[in-house]
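A.B. asks: The structure's right below; bear with me while I get my questions together.
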Amino acid sequence: MFSLSTPGFIRVVTRNVPRWDRGSPLRKGAAEQATFVELFFDLAMVFILSRLVEQAFDVLAGAPGPAGWVVLGQSLLLFLPLMRVWTLTTHITAQFDPRRPAVQACVIGSVFGVLVFGVSVSSAFDGRAIAFAGTYVVMQAGRTLVIGLLATAPEVRTAYLRAFCWYGGVSVPWLIGALSHGAVRTTLWALAILVEYVANARGWPVPRLGAGLANLWATAARYLAERYQQLLMISFGEPLLSVGVAFTQVPASPYRITALVVAFLTTVLLWRLYFHVAGQLVDDAVLAASHPAHAGRVAGVAHLVMILGVITTSVGHDLVEKHPGRHTSLIWSSVILGGPVIFLFGRSVLEYVVYARVSLPRPAGIAALVALIVPLTLVPPLAVSSAAAIVLLLIAAADTRRSHRHPDEHPTPP
């Protein structure tokens with residue numbers, strides 16, 4: 001009898017199966033550019049990101065009190081596994097040629113899984129919990145098992161089989177949580193997410209199969225940097241999409257026109273703060289780092305944090321646009337100002353990866369936004385979002401001034 005951890009098991013289950021990678025762990029040809037099937041997958045991400053914003057907005061608009069904090073936590077629990085789905089898909093296409101039918105089938109299957117995610121988000125903690133959790137388990141455990149069995153490169157095969165062992169384990173709290181209710185479900189899902197992220201950070205350690213952190217950033221830095229930038233660009237479109245739709249659903253007024261302009265300017269400032277200038281140098285910085293794989297992983301996490309910040313900002317702008325006369329509750333102020341805070345934190349981490357430093361305006365901006373959360377509950381929501389835009393504008397101006405003083409600054413990663 002063979003166990004999953006024995007080499008004999010691997011030889012038996014991989015016998016007479018079609019080759020996946022033809023002996024090479026990395027795809028060849030146009031490795032630095034996303035293919036059409038990858039962009040097709042990104043379209044599904046547009047849908048689920050908009051669903052996350054809508055779900056958070058609906059609850060916050062109707063329950064601005066303590067219940068709002070609960071929905072924020074639940075939204076984070078939905079966001080984190082979504083990012084794991086995107087990351088695994090991106091790692092697959094970084095290793096295997098997306099032009100091959102088997103890889104395309106894997107990506108298209110992932111598109112369907114994300115679609116199911118999207119239609120389940122609004123009721124993931126209610127009637128569609130089984131659909132949400134079951135889809136996640138099948139996507140993550142199923143894909144790692146299939147790739148682990150079909151890959152011919154030993155190091156690739158072992159890496160995915162290790163991940164499958166962990167996904168098999170975390171599927172238990174996911175599925176039990178789906179069958180539970182209330183705080184039990186939330187606790188079990190939070191535990192499953194925590195275990196998965198820790199296992200990933202540790203290299204998916206499994207007895208007899210060992211452990212090993214992925215080194216894709218050391219070999220495909222330009223491709224991965226481009227993919228993370230593409231996902232970030234998609235998230236930048238979400239505030240414009242959601243606030244534009246919100247504007248069409250309510251009568252126009254000077255207040256709402258001003259809110260629309262503020263939302264647009266805030267999104268533009270977030271975009272500029274990313275690309276000026278560190279966002280354009282991520283791949284070069286990773287390749288020049290003393291430990292490229294580690295630097296790349298940190299850069300990837302920084303991008304996901306910034307995406308969370310953009311999505312939170314989008315929720316805040318929806319609140320401002322649709323409810324001009326509402327009192328600014330503490331949770332509303334926290335969301336409107338917290339989105340830029342989260343983004344600036346992720347951007348600070350990225351700056352450290354690129355330059356081994358964090359410029360003073362970013363932590364100063366974070367401190368200013370946090371300090372304004374409570375005082376700005378005394379003013380209308382539009383004034384809160386305007387204050388956030390002013391802080392971002394000051395940081396952008398400081399970046400411009402620094403660029404004039406150091407026009408030819410090159411990456412100096414740690």
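Following the order of the structure tokens, chains are lettered A, B, ..., residues in each are numbered from 1, and ligands are numbered from 1.
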Identify, on the basis of only C-alpha atoms, every residue whose closest approach to stretch 279-293 of chain A does not exceed 8 Å; exclude the query and any residue fewer than 5 positions from it along the same chain; express the result as a PyMOL selection string.
C.D. replies: chain A and resi 214-218+221-222+225+274+299+350+353-355+411-414
A.B. asks: Excluding stretch 383-386 of chain A and residues on its chain fewer than 6 positions from it, collect all residues at most 7 Å away from it, counting only C-alpha atoms, and give them as a PyMOL selection string.
C.D. replies: chain A and resi 262+333+336+376
A.B. asks: Quick one: everything within 8 Å of stretch 181-188 of chain A, counting only C-alpha atoms, minus sequence neighbours fewer than 6 positions away in the same chain. Send it as JSON, numbers by chain.
C.D. replies: {"A": [74, 125, 126, 173, 174]}
A.B. asks: Give me every helix (DSSP H, G or I) residue in stretch 98-238 of chain A, going by DSSP on the backbone, as a ChimeraX atom specification.
C.D. replies: /A:101-123,129-150,154-179,182-201,216-219,221-238
A.B. asks: Which is closest to A:Val119 among A:Ala61, A:Leu382, A:Leu52, A:Val138, if we use only C-alpha atoms?
C.D. replies: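 Of the candidates, the smallest distance to A:Val119 is held by A:Leu52.
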A.B. asks: Between A:Val198, A:Leu265, A:Ala259, A:Val305, which residue has the minimum interatomic distance to A:Val341, considering only C-alpha atoms?
C.D. replies: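 Answer, going by the shortest atom-to-atom distance: A:Val305.
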A.B. asks: A:Val206, A:Leu269, A:Ala129, A:Ala356: which is nearest A:Leu394, counting only C-alpha atoms?
C.D. replies: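 Answer, going by the shortest atom-to-atom distance: A:Leu269.
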A.B. asks: For a quick check of understanding, using only C-alpha atoms, which of A:Trp189, A:Phe164, A:Phe117, A:Phe41 has the smallest distance to A:Gly73?
C.D. replies: A:Trp189
A.B. asks: Report the distance between atom CA of A:His91 and atom CA of A:Gly339 in Å, rounded to one decimal place.
C.D. replies: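 It comes out at 27.5 Å.
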A.B. asks: Which residue, A:Trp332, A:Phe36, A:Trp204, A:Trp86, has the smallest gap to A:Leu231 when you use only C-alpha atoms?
C.D. replies: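 For A:Leu231, the nearest of the candidates is A:Trp86.
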